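Okay, model.txt is below, compact mmCIF, C-alpha atoms:
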# COMPACT_ATOMS: atom_id res chain seq x y z
CA MET U 1 0.00 0.00 0.00
CA GLU U 2 2.80 2.44 0.88
CA GLN U 3 4.44 1.96 -2.50
CA PHE U 4 1.13 2.48 -4.32
CA ILE U 5 0.42 5.66 -2.36
CA ALA U 6 3.83 7.03 -3.25
CA LEU U 7 3.33 6.20 -6.93
CA PHE U 8 -0.14 7.73 -6.89
CA ALA U 9 1.09 10.98 -5.35
CA GLU U 10 3.99 11.14 -7.79
CA ALA U 11 1.75 10.52 -10.83
CA LEU U 12 -0.55 13.38 -9.84
CA GLU U 13 2.37 15.55 -8.73
CA ARG U 14 0.80 16.03 -5.29
CA GLU U 15 3.65 17.29 -3.16
CA SER U 16 1.50 17.12 -0.02
CA GLY U 17 1.06 13.38 -0.62
CA VAL U 18 -2.13 11.33 -0.57
CA SER U 19 -3.91 9.17 2.02
CA PRO U 20 -5.65 5.80 1.60
CA GLU U 21 -9.02 7.25 2.60
CA ASP U 22 -8.81 10.13 0.08
CA LYS U 23 -11.67 10.27 -2.39
CA PHE U 24 -9.41 10.93 -5.34
CA ARG U 25 -12.23 12.12 -7.61
CA GLU U 26 -12.67 15.09 -5.27
CA TYR U 27 -9.13 16.35 -5.84
CA GLU U 28 -9.26 19.79 -7.39
CA ASP U 29 -7.00 18.80 -10.26
CA TRP U 30 -8.71 15.45 -10.97
CA ASP U 31 -9.47 15.35 -14.68
CA SER U 32 -9.25 13.02 -17.67
CA LEU U 33 -5.46 13.43 -17.82
CA ALA U 34 -5.24 12.43 -14.16
CA VAL U 35 -7.32 9.33 -14.94
CA LEU U 36 -4.89 8.38 -17.71
CA SER U 37 -1.90 8.92 -15.43
CA ILE U 38 -3.33 6.57 -12.81
CA ILE U 39 -4.44 3.94 -15.33
CA ALA U 40 -0.97 4.04 -16.89
CA LEU U 41 0.67 3.78 -13.47
CA ILE U 42 -1.39 0.68 -12.64
CA LYS U 43 -0.71 -0.91 -16.04
CA GLN U 44 3.01 -0.22 -15.83
CA ASN U 45 3.60 -1.29 -12.24
CA TYR U 46 1.03 -4.04 -11.74
CA ASP U 47 0.19 -5.06 -15.35
CA ILE U 48 -3.52 -4.67 -14.65
CA THR U 49 -6.08 -3.17 -17.00
CA ILE U 50 -9.10 -1.70 -15.20
CA PRO U 51 -12.26 -1.43 -17.33
CA ARG U 52 -14.22 1.79 -16.87
CA ARG U 53 -17.23 -0.08 -15.49
CA ASP U 54 -15.03 -1.17 -12.55
CA PHE U 55 -12.97 2.00 -12.25
CA ASP U 56 -16.02 4.25 -11.94
CA LYS U 57 -17.15 2.33 -8.83
CA LEU U 58 -13.89 2.92 -6.98
CA GLN U 59 -13.93 6.01 -4.81
CA THR U 60 -10.93 5.96 -2.47
CA ILE U 61 -7.27 5.21 -3.00
CA GLU U 62 -7.63 2.25 -0.67
CA GLU U 63 -10.45 0.81 -2.80
CA LEU U 64 -8.28 1.23 -5.87
CA TYR U 65 -5.40 -0.53 -4.15
CA ASN U 66 -7.67 -3.36 -3.01
CA TYR U 67 -8.88 -3.78 -6.59
CA ILE U 68 -5.28 -4.13 -7.74
CA VAL U 69 -4.51 -6.69 -5.04
CA ALA U 70 -7.64 -8.68 -5.94
CA HIS U 71 -6.75 -8.73 -9.64
CA ALA U 72 -2.99 -9.12 -9.44
CA MET H 1 1.25 -13.25 -40.77
CA ILE H 2 -0.46 -12.90 -44.14
CA GLU H 3 2.13 -12.65 -46.93
CA ILE H 4 1.59 -10.85 -50.23
CA LYS H 5 4.45 -11.10 -52.71
CA LYS H 6 5.49 -9.06 -55.73
CA ILE H 7 3.55 -5.92 -54.78
CA ARG H 8 5.33 -2.76 -53.72
CA ILE H 9 4.37 0.67 -52.50
CA ALA H 10 5.61 2.87 -55.33
CA GLY H 11 4.85 6.27 -53.79
CA ILE H 12 3.00 8.20 -51.11
CA SER H 13 1.81 11.82 -51.16
CA CYS H 14 -0.03 13.76 -48.48
CA CYS H 15 -2.03 16.97 -48.41
CA VAL H 16 -3.29 19.13 -45.54
CA PRO H 17 -5.41 22.28 -45.30
CA GLN H 18 -3.36 25.48 -45.22
CA GLU H 19 -4.92 26.86 -42.04
CA ILE H 20 -2.88 26.09 -38.94
CA ALA H 21 -4.67 25.99 -35.59
CA TYR H 22 -2.35 26.46 -32.61
CA ASN H 23 -3.54 24.65 -29.51
CA LYS H 24 -2.11 27.37 -27.25
CA ASP H 25 -4.67 29.77 -28.73
CA THR H 26 -7.70 27.56 -28.05
CA ALA H 27 -10.49 29.73 -26.68
CA GLY H 28 -12.48 28.81 -23.60
CA TYR H 29 -9.73 26.99 -21.66
CA GLU H 30 -7.34 28.22 -18.97
CA GLN H 31 -3.74 28.54 -20.18
CA GLU H 32 -2.43 26.20 -17.48
CA ARG H 33 -4.85 23.49 -18.56
CA ILE H 34 -3.97 23.99 -22.22
CA GLU H 35 -0.28 23.57 -21.43
CA LYS H 36 -0.98 20.33 -19.55
CA ILE H 37 -3.01 19.01 -22.47
CA ILE H 38 -0.35 19.97 -25.03
CA ALA H 39 2.32 18.24 -22.93
CA ALA H 40 0.23 15.07 -22.62
CA THR H 41 -1.07 14.82 -26.18
CA GLY H 42 2.09 16.10 -27.85
CA VAL H 43 -0.05 18.17 -30.23
CA GLY H 44 1.13 21.76 -30.58
CA GLN H 45 -0.74 22.56 -33.76
CA LYS H 46 -2.90 20.93 -36.39
CA ARG H 47 -4.57 21.74 -39.69
CA ILE H 48 -8.25 22.52 -39.96
CA ALA H 49 -10.15 22.08 -43.21
CA PRO H 50 -12.15 25.18 -44.20
CA PRO H 51 -15.89 24.85 -44.81
CA GLY H 52 -16.50 22.99 -48.04
CA CYS H 53 -13.17 21.15 -48.00
CA CYS H 54 -13.74 17.43 -47.56
CA ALA H 55 -11.31 14.59 -46.89
CA SER H 56 -11.77 13.63 -50.54
CA ASP H 57 -10.50 17.06 -51.65
CA LEU H 58 -7.29 16.58 -49.67
CA CYS H 59 -6.92 13.03 -51.03
CA LEU H 60 -7.60 14.25 -54.56
CA ALA H 61 -4.83 16.86 -54.33
CA ALA H 62 -2.47 14.23 -52.91
CA ALA H 63 -3.40 11.82 -55.71
CA VAL H 64 -2.87 14.42 -58.45
CA ASP H 65 0.57 15.16 -56.97
CA LEU H 66 1.39 11.46 -56.74
CA LEU H 67 0.25 10.59 -60.28
CA GLU H 68 2.19 13.53 -61.72
CA LYS H 69 5.38 12.55 -59.92
CA SER H 70 5.07 8.86 -60.74
CA GLY H 71 4.54 9.55 -64.43
CA ILE H 72 2.32 6.49 -64.93
CA GLU H 73 -0.51 6.15 -67.44
CA LYS H 74 -3.93 6.51 -65.83
CA GLU H 75 -5.32 3.55 -67.77
CA ASP H 76 -2.87 1.32 -65.91
CA VAL H 77 -4.67 2.05 -62.60
CA GLY H 78 -7.13 -0.78 -62.05
CA ALA H 79 -8.58 0.11 -58.66
CA LEU H 80 -9.21 3.07 -56.37
CA VAL H 81 -10.19 2.60 -52.73
CA PHE H 82 -11.12 5.55 -50.53
CA VAL H 83 -10.74 4.82 -46.80
CA SER H 84 -12.44 7.40 -44.60
CA GLN H 85 -15.06 8.00 -41.95
CA THR H 86 -15.81 11.46 -43.29
CA PRO H 87 -17.12 10.77 -46.82
CA ASP H 88 -18.66 13.44 -49.05
CA TYR H 89 -22.16 11.95 -48.89
CA ARG H 90 -24.14 9.17 -47.24
CA LEU H 91 -24.32 7.95 -50.80
CA PRO H 92 -22.84 7.58 -53.38
CA ALA H 93 -19.44 6.20 -52.44
CA THR H 94 -16.86 8.98 -52.58
CA ALA H 95 -14.48 6.71 -54.50
CA CYS H 96 -16.82 6.93 -57.51
CA ILE H 97 -16.57 10.72 -57.50
CA LEU H 98 -12.79 10.53 -57.11
CA GLN H 99 -12.49 8.15 -60.09
CA ASP H 100 -14.17 10.78 -62.24
CA LYS H 101 -12.26 13.76 -60.84
CA LEU H 102 -8.94 11.96 -61.32
CA GLY H 103 -9.83 11.01 -64.88
CA LEU H 104 -9.29 7.30 -64.26
CA ALA H 105 -10.74 4.81 -66.73
CA VAL H 106 -14.45 3.97 -66.47
CA GLY H 107 -13.42 0.34 -66.01
CA THR H 108 -11.75 1.21 -62.68
CA ILE H 109 -12.88 -0.72 -59.60
CA ALA H 110 -13.75 1.98 -57.03
CA PHE H 111 -15.37 1.78 -53.60
CA ASP H 112 -15.19 3.19 -50.07
CA VAL H 113 -14.06 1.52 -46.86
CA ASN H 114 -15.39 2.83 -43.56
CA LEU H 115 -12.43 2.52 -41.20
CA GLY H 116 -10.48 5.08 -39.19
CA CYS H 117 -7.22 4.73 -37.34
CA SER H 118 -6.52 1.23 -38.69
CA GLY H 119 -7.71 2.14 -42.18
CA TYR H 120 -4.37 2.74 -43.85
CA VAL H 121 -3.07 -0.73 -43.06
CA TYR H 122 -6.38 -2.31 -44.09
CA GLY H 123 -6.27 -0.32 -47.33
CA LEU H 124 -2.77 -1.57 -48.13
CA TYR H 125 -3.84 -5.15 -47.44
CA LEU H 126 -6.97 -4.80 -49.54
CA LEU H 127 -5.36 -3.22 -52.59
CA ALA H 128 -2.29 -5.46 -52.50
CA SER H 129 -4.65 -8.46 -52.43
CA MET H 130 -6.70 -7.05 -55.30
CA LEU H 131 -3.63 -6.33 -57.43
CA LYS H 132 -2.61 -9.97 -57.10
CA CYS H 133 -5.60 -10.98 -59.22
CA SER H 134 -5.75 -7.98 -61.51
CA PRO H 135 -4.45 -7.58 -65.05
CA LYS H 136 -3.64 -3.95 -64.20
CA LYS H 137 -0.27 -2.83 -62.84
CA TYR H 138 -1.34 -0.13 -60.38
CA ALA H 139 -3.90 0.53 -57.65
CA LEU H 140 -4.56 3.79 -55.83
CA LEU H 141 -5.26 3.99 -52.11
CA LEU H 142 -6.74 7.28 -50.92
CA VAL H 143 -6.97 7.61 -47.15
CA GLY H 144 -7.99 10.65 -45.15
CA ASP H 145 -10.35 12.30 -42.73
CA THR H 146 -11.61 15.73 -41.79
CA SER H 147 -12.41 14.78 -38.20
CA THR H 148 -12.24 18.33 -36.83
CA ALA H 149 -15.68 19.03 -38.29
CA TYR H 150 -17.10 16.55 -35.77
CA CYS H 151 -15.26 17.78 -32.66
CA SER H 152 -17.03 19.95 -30.09
CA ASP H 153 -14.92 22.96 -29.11
CA LYS H 154 -16.15 22.35 -25.56
CA ASP H 155 -14.81 18.78 -25.49
CA ALA H 156 -11.20 18.78 -24.29
CA SER H 157 -10.83 15.07 -25.10
CA THR H 158 -11.04 15.75 -28.86
CA ILE H 159 -10.67 19.45 -29.71
CA PHE H 160 -6.94 19.59 -28.94
CA LEU H 161 -6.18 16.27 -30.56
CA PHE H 162 -7.50 15.92 -34.07
CA GLY H 163 -6.26 17.42 -37.31
CA ASP H 164 -7.35 17.05 -40.93
CA ALA H 165 -5.32 15.37 -43.67
CA GLY H 166 -5.53 13.32 -46.84
CA SER H 167 -3.12 10.88 -48.47
CA ALA H 168 -2.58 8.98 -51.68
CA THR H 169 -0.58 5.78 -52.01
CA LEU H 170 0.29 4.04 -55.26
CA LEU H 171 0.66 0.27 -55.19
CA GLU H 172 2.43 -1.46 -58.03
CA ALA H 173 2.57 -5.06 -59.20
CA ASP H 174 6.28 -5.72 -59.64
CA ASP H 175 7.96 -9.12 -59.95
CA SER H 176 11.10 -7.76 -58.30
CA ALA H 177 9.23 -6.57 -55.18
CA GLY H 178 9.67 -8.41 -51.91
CA VAL H 179 7.04 -9.56 -49.44
CA MET H 180 4.46 -7.41 -47.68
CA GLN H 181 3.27 -8.97 -44.43
CA PHE H 182 0.06 -8.23 -42.60
CA SER H 183 -1.61 -9.01 -39.33
CA LEU H 184 -5.13 -7.63 -38.82
CA GLY H 185 -7.78 -7.85 -36.12
CA THR H 186 -11.14 -6.64 -34.85
CA ASP H 187 -12.93 -6.46 -31.48
CA GLY H 188 -16.29 -4.79 -31.98
CA SER H 189 -17.11 -5.00 -28.26
CA GLY H 190 -15.38 -1.62 -27.90
CA TYR H 191 -17.39 0.12 -30.63
CA ALA H 192 -19.09 2.60 -28.27
CA ASN H 193 -15.81 4.01 -26.92
CA LEU H 194 -14.98 5.96 -30.09
CA ILE H 195 -18.11 6.91 -31.95
CA ILE H 196 -20.30 9.54 -33.56
CA PRO H 197 -23.59 8.12 -32.27
CA ALA H 198 -26.08 10.03 -34.42
CA GLY H 199 -26.39 10.74 -38.11
CA ALA H 200 -26.63 7.34 -39.73
CA SER H 201 -29.30 4.62 -39.63
CA ARG H 202 -29.11 3.55 -35.97
CA GLN H 203 -29.87 7.02 -34.67
CA ALA H 204 -31.11 9.59 -37.15
CA CYS H 205 -30.46 13.29 -36.54
CA ASP H 206 -33.28 15.18 -34.85
CA ASP H 207 -33.66 18.04 -32.38
CA ASN H 208 -32.44 15.86 -29.50
CA THR H 209 -29.23 14.78 -31.22
CA LYS H 210 -28.28 18.45 -31.65
CA LYS H 211 -28.54 19.19 -27.92
CA MET H 212 -25.22 19.96 -26.26
CA VAL H 213 -24.88 17.74 -23.18
CA LYS H 214 -22.24 17.93 -20.44
CA ASP H 215 -20.71 14.57 -19.42
CA ASP H 216 -19.23 13.53 -16.05
CA ALA H 217 -15.81 14.89 -17.05
CA GLY H 218 -17.26 18.31 -17.85
CA ASN H 219 -16.95 17.95 -21.62
CA VAL H 220 -19.86 19.21 -23.68
CA ARG H 221 -20.89 17.67 -26.98
CA SER H 222 -23.92 16.59 -28.99
CA ALA H 223 -24.74 13.09 -30.22
CA GLU H 224 -23.79 14.27 -33.71
CA GLN H 225 -20.23 14.90 -32.59
CA LEU H 226 -17.26 12.68 -31.89
CA TYR H 227 -17.12 10.92 -28.52
CA MET H 228 -13.95 9.29 -27.25
CA ASP H 229 -13.45 7.47 -23.96
CA GLY H 230 -9.72 8.07 -23.59
CA MET H 231 -9.39 5.66 -20.68
CA GLU H 232 -10.91 2.73 -22.55
CA ILE H 233 -8.90 3.51 -25.68
CA PHE H 234 -5.76 3.52 -23.53
CA ASN H 235 -6.77 0.14 -22.08
CA PHE H 236 -7.33 -1.28 -25.56
CA ALA H 237 -4.07 0.11 -26.93
CA THR H 238 -1.93 -1.06 -24.01
CA SER H 239 -3.40 -4.56 -23.91
CA THR H 240 -4.72 -5.86 -27.25
CA VAL H 241 -2.63 -3.66 -29.53
CA MET H 242 0.61 -3.98 -27.56
CA SER H 243 0.30 -7.80 -27.50
CA HIS H 244 -0.34 -7.77 -31.23
CA VAL H 245 2.67 -5.55 -31.96
CA ALA H 246 4.91 -7.50 -29.59
CA GLU H 247 4.21 -10.66 -31.61
CA VAL H 248 5.05 -8.87 -34.87
CA MET H 249 8.25 -7.45 -33.41
CA ALA H 250 9.29 -10.84 -32.09
CA ALA H 251 8.94 -12.20 -35.63
CA HIS H 252 10.79 -9.19 -37.11
CA PRO H 253 13.46 -8.11 -34.62
CA ASP H 254 15.42 -6.52 -37.47
CA TYR H 255 12.83 -3.82 -38.13
CA THR H 256 14.34 -0.47 -39.09
CA SER H 257 11.49 1.95 -38.26
CA VAL H 258 8.13 1.94 -36.53
CA VAL H 259 5.18 4.12 -37.48
CA PHE H 260 2.17 3.91 -35.21
CA HIS H 261 -1.13 5.62 -35.79
CA GLN H 262 -0.58 9.03 -34.19
CA ALA H 263 -3.08 8.68 -31.35
CA ASN H 264 -1.48 10.87 -28.69
CA ARG H 265 2.02 11.15 -27.28
CA PHE H 266 1.22 9.95 -23.75
CA MET H 267 -0.16 6.66 -25.04
CA LEU H 268 2.40 6.18 -27.80
CA GLU H 269 5.33 6.80 -25.44
CA PHE H 270 3.86 4.31 -22.97
CA MET H 271 3.64 1.74 -25.78
CA ARG H 272 7.07 2.56 -27.19
CA LYS H 273 8.76 2.16 -23.81
CA SER H 274 6.83 -1.01 -22.96
CA LEU H 275 7.76 -2.52 -26.33
CA LYS H 276 11.37 -1.34 -25.87
CA VAL H 277 11.48 0.46 -29.22
CA ASP H 278 14.45 2.76 -29.66
CA LYS H 279 13.39 6.41 -29.71
CA ALA H 280 15.24 7.03 -32.98
CA LYS H 281 13.23 4.34 -34.75
CA PHE H 282 9.82 5.56 -33.60
CA LEU H 283 8.40 8.25 -35.87
CA TYR H 284 6.07 11.11 -34.99
CA SER H 285 4.04 13.79 -36.76
CA LEU H 286 1.81 14.60 -33.77
CA ALA H 287 3.42 17.91 -32.81
CA GLU H 288 2.88 19.46 -36.24
CA TYR H 289 -0.34 17.81 -37.45
CA GLY H 290 -2.08 16.19 -34.46
CA ASN H 291 -4.02 12.96 -34.71
CA THR H 292 -4.91 12.81 -38.40
CA SER H 293 -6.98 9.65 -37.99
CA SER H 294 -6.73 7.28 -40.97
CA ALA H 295 -4.07 9.44 -42.67
CA SER H 296 -1.67 9.54 -39.74
CA ILE H 297 0.64 6.74 -40.92
CA PRO H 298 1.31 8.09 -44.44
CA MET H 299 1.42 11.61 -42.96
CA THR H 300 4.15 10.55 -40.54
CA LEU H 301 6.19 8.90 -43.30
CA CYS H 302 5.95 11.96 -45.58
CA HIS H 303 6.60 14.38 -42.71
CA CYS H 304 9.65 12.54 -41.35
CA GLN H 305 11.20 11.58 -44.72
CA PRO H 306 13.38 8.84 -43.18
CA ASP H 307 16.69 7.89 -44.79
CA ALA H 308 16.57 4.92 -47.19
CA LYS H 309 18.47 2.71 -44.74
CA ASP H 310 15.71 3.23 -42.19
CA LEU H 311 13.02 2.16 -44.65
CA ALA H 312 14.21 -1.39 -45.33
CA LYS H 313 11.77 -2.99 -42.90
CA VAL H 314 9.10 -0.68 -41.57
CA ILE H 315 6.40 -1.67 -39.11
CA LEU H 316 3.18 0.25 -39.77
CA THR H 317 0.54 -0.15 -37.07
CA GLY H 318 -2.93 1.37 -37.09
CA PHE H 319 -5.41 0.92 -34.25
CA GLY H 320 -8.49 2.51 -32.80
CA VAL H 321 -12.10 3.05 -33.76
CA GLY H 322 -13.98 -0.23 -34.12
CA TYR H 323 -12.01 -1.53 -32.26
CA SER H 324 -9.91 -2.38 -35.29
CA TRP H 325 -6.18 -2.82 -35.66
CA GLY H 326 -3.60 -3.90 -38.17
CA THR H 327 0.11 -4.05 -38.80
CA ALA H 328 1.98 -4.15 -42.08
CA VAL H 329 5.67 -5.00 -42.36
CA VAL H 330 6.92 -3.43 -45.56
CA ASP H 331 10.06 -2.46 -47.44
CA LEU H 332 9.80 1.21 -48.41
CA THR H 333 13.36 1.62 -49.69
CA ASP H 334 12.18 2.31 -53.25
CA THR H 335 9.05 4.22 -52.24
CA LYS H 336 8.88 7.86 -53.32
CA LEU H 337 7.79 9.79 -50.25
CA GLY H 338 6.50 13.21 -51.25
CA ASP H 339 6.60 16.20 -48.91
CA VAL H 340 3.33 17.09 -47.18
CA VAL H 341 1.73 19.71 -49.41
CA ASP H 342 -0.81 22.40 -48.53
CA TRP H 343 -4.29 22.30 -50.04
CA ILE H 344 -5.11 25.32 -52.11
CA GLY H 345 -8.85 25.30 -52.75
Output the structure of this file as structure tokens.
Amino acid sequence: MEQFIALFAEALERESGVSPEDKFREYEDWDSLAVLSIIALIKQNYDITIPRRDFDKLQTIEELYNYIVAHA
Amino acid sequence: MIEIKKIRIAGISCCVPQEIAYNKDTAGYEQERIEKIIAATGVGQKRIAPPGCCASDLCLAAAVDLLEKSGIEKEDVGALVFVSQTPDYRLPATACILQDKLGLAVGTIAFDVNLGCSGYVYGLYLLASMLKCSPKKYALLLVGDTSTAYCSDKDASTIFLFGDAGSATLLEADDSAGVMQFSLGTDGSGYANLIIPAGASRQACDDNTKKMVKDDAGNVRSAEQLYMDGMEIFNFATSTVMSHVAEVMAAHPDYTSVVFHQANRFMLEFMRKSLKVDKAKFLYSLAEYGNTSSASIPMTLCHCQPDAKDLAKVILTGFGVGYSWGTAVVDLTDTKLGDVVDWIG
């Protein structure tokens, strides 16, 4: 989880870091480019492709991480 | 892979509208956001067709240029295929009009193919196959789109990305030519992720299809305009397409250049790095012309004008709308690559 959080913060260039309980869609700079950055991060580091129908249900960083663990 | 022998690509010409649209000047967006989008897409500028200029007009100009430079007799052209998703009319096929405008023989086989980002590779495969059983020596592939006419200026996922362009490619039956190899595929389950929903038979245009609707990402478009789910296209490109290209590259480790459909820089760089393709071998025309849809592969070749040594074994890969994808492995050493010319109406 720690590694994923660090990668997530780096991908979105959030110097203040991120927390597992953060609802990432509520970040001020969350946009379609941010979505691509995170999807690319997950593909590159975990070799997982998340379909939109699944991705849209995930709200927090912890949920996203749990999805990755479940599909790794 | 499918092998087609004794057919070569004799020449390629490309044509774009004169008007340059600079992404930095796009109205209605904050400068900081524009800069982020330019950095991610890699598109600094693109060409926009003026009203009344169709993809066929750009292809026609490219074809006139190509036929003049090649010096061939028009009666030796046996087939003309126009690949586009922005035809002149719902009917007739634009290829019929182009046959007449080009002054090709009335015995010419001419028809349209409705494909986008993969269309150039499909067109090469189709015409090379046709030439194999034709008494004629040449076939003409015209590929292009004027996608910008279908982009909403309030949709950041498309307005910064697409540019207009047309191309013409001359295929020649030649006993001394080597082997063209093809691998093609389709997965229609992704059809809704890159689509203009209204305007054809499934959903006719009416007052509702003209309504501008804001989506969850804040982009505003009508059902008569282009919709693209960038996330799903990324998923498709980095799974299906990358596996497909990896297989081709494993079979052809001695490739000299790679030309992908110019989707966007973020995605292409992800694919290039994942596939471990040397930067110098991976060609781009995105910065100058944007995503020119079906024409992006010939556009990139004509824009980059690679040295002959880099054209001995070229991997051409188109992928996108459909989903549809295809790769051609071709020798372009003897192919005349014209400069990209401006369309003068």
Based on only C-alpha atoms, which of the residues in chain U come within 7 Å of chain H? I want them as JSON, numbers by chain. {"U": [31, 32, 36, 49, 51, 52]}
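Here CA of Ala95 in chain H stands at a distance of 13.5 Å from CA of Gly166 in chain H.
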In Å, with one decimal, what is the gap from CA of Asp65 in chain H to CA of Lys336 in chain H?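 Answer for the CA of Asp65 in chain H to CA of Lys336 in chain H separation: 11.6 Å.
Counting all atoms listed in the file and comparing U:Gln44, U:Ser37, U:Asn66, U:Ser19, the residue that lies closest to Leu275 in chain H is U:Gln44.
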When you look at Lys5 in chain H with a cut-off of 9 Å (counting all atoms listed in the file), what residues show up, excluding the ones that are within fewer than 5 positions of it in the same chain? I need them as a list of chain:residue names.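 So the residues in contact are H:Ala128, H:Lys132, H:Asp174, H:Asp175, H:Ala177, H:Gly178, H:Val179, H:Met180, H:Gln181.
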Using C-alpha atoms, can you export the residues from the last selection as an mmCIF file, in the coordinates of the input?
data_model
loop_
_atom_site.group_PDB
_atom_site.id
_atom_site.type_symbol
_atom_site.label_atom_id
_atom_site.label_comp_id
_atom_site.auth_asym_id
_atom_site.auth_seq_id
_atom_site.Cartn_x
_atom_site.Cartn_y
_atom_site.Cartn_z
ATOM 1 C CA ALA H 128 -2.290 -5.460 -52.500
ATOM 2 C CA LYS H 132 -2.610 -9.970 -57.100
ATOM 3 C CA ASP H 174 6.280 -5.720 -59.640
ATOM 4 C CA ASP H 175 7.960 -9.120 -59.950
ATOM 5 C CA ALA H 177 9.230 -6.570 -55.180
ATOM 6 C CA GLY H 178 9.670 -8.410 -51.910
ATOM 7 C CA VAL H 179 7.040 -9.560 -49.440
ATOM 8 C CA MET H 180 4.460 -7.410 -47.680
ATOM 9 C CA GLN H 181 3.270 -8.970 -44.430
#
Just the residues within 7 Å of Ala21 in chain H, please, counting all atoms listed in the file, with nothing from its chain fewer than 3 positions along; format it as a VMD selection string. chain H and resid 45 to 48
Contacts of Ile159 in chain H within 12 Å, only C-alpha atoms, excl. fewer than 2 positions in-chain, as a PyMOL selection string: chain H and resi 21-29+34+37-38+41+43+45-48+147-157+161-164+219-221+225-228+290-291
With all atoms listed in the file as the atoms that count, which of U:Leu12, U:Leu7, U:Leu33, U:Ile61 lies nearest to Tyr46 in chain U?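 Of U:Leu12, U:Leu7, U:Leu33, U:Ile61, the one nearest Tyr46 in chain U is U:Leu7, counting all atoms listed in the file.
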Have a look at H:Thr300, H:Thr94, H:Ser324, H:Ser129 and name the one nearest to Val258 in chain H; count all atoms listed in the file. H:Thr300
Quick one: residues within 7 Å of range 16-18 of chain U, all atoms listed in the file, excluding same-chain residues fewer than 4 positions away - as a list in words?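 What passes the distance filter is Ile5, Ala9 and Asp22 of chain U.
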Residues within 10 Å of Gln262 in chain H, please, as a PyMOL selection string. Count all atoms listed in the file; anything in the same chain fewer than 2 positions from it doesn't count. chain H and resi 41-43+117+161-162+259-260+264-265+267-268+283-287+289-297+299-300+317-319
As an exercise, work out the distance from CA of Pro50 in chain H to CA of Ala223 in chain H in Å and give it to one decimal place. 22.4 Å
Let me have the centre and edge lengths of the axis-aligned box enclosing all listed atoms of range 199-210 of chain H with 4 Å padding on every side, in Å to one decimal, as JSON.
{"center_x": -30.0, "center_y": 11.0, "center_z": -34.6, "size_x": 15.3, "size_y": 22.9, "size_z": 18.2}
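Among H:Gly44, H:Gly71, H:Gly144, H:Gly52, the residue with the shortest atom-to-atom distance to Val83 in chain H, counting all atoms listed in the file, is H:Gly144.
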List as a ChimeraX atom specification: which residues have an atom within 8 Å of (-27.0, 14.3, -33.9), counting all atoms listed in the file? /H:197-199,203-211,222-225
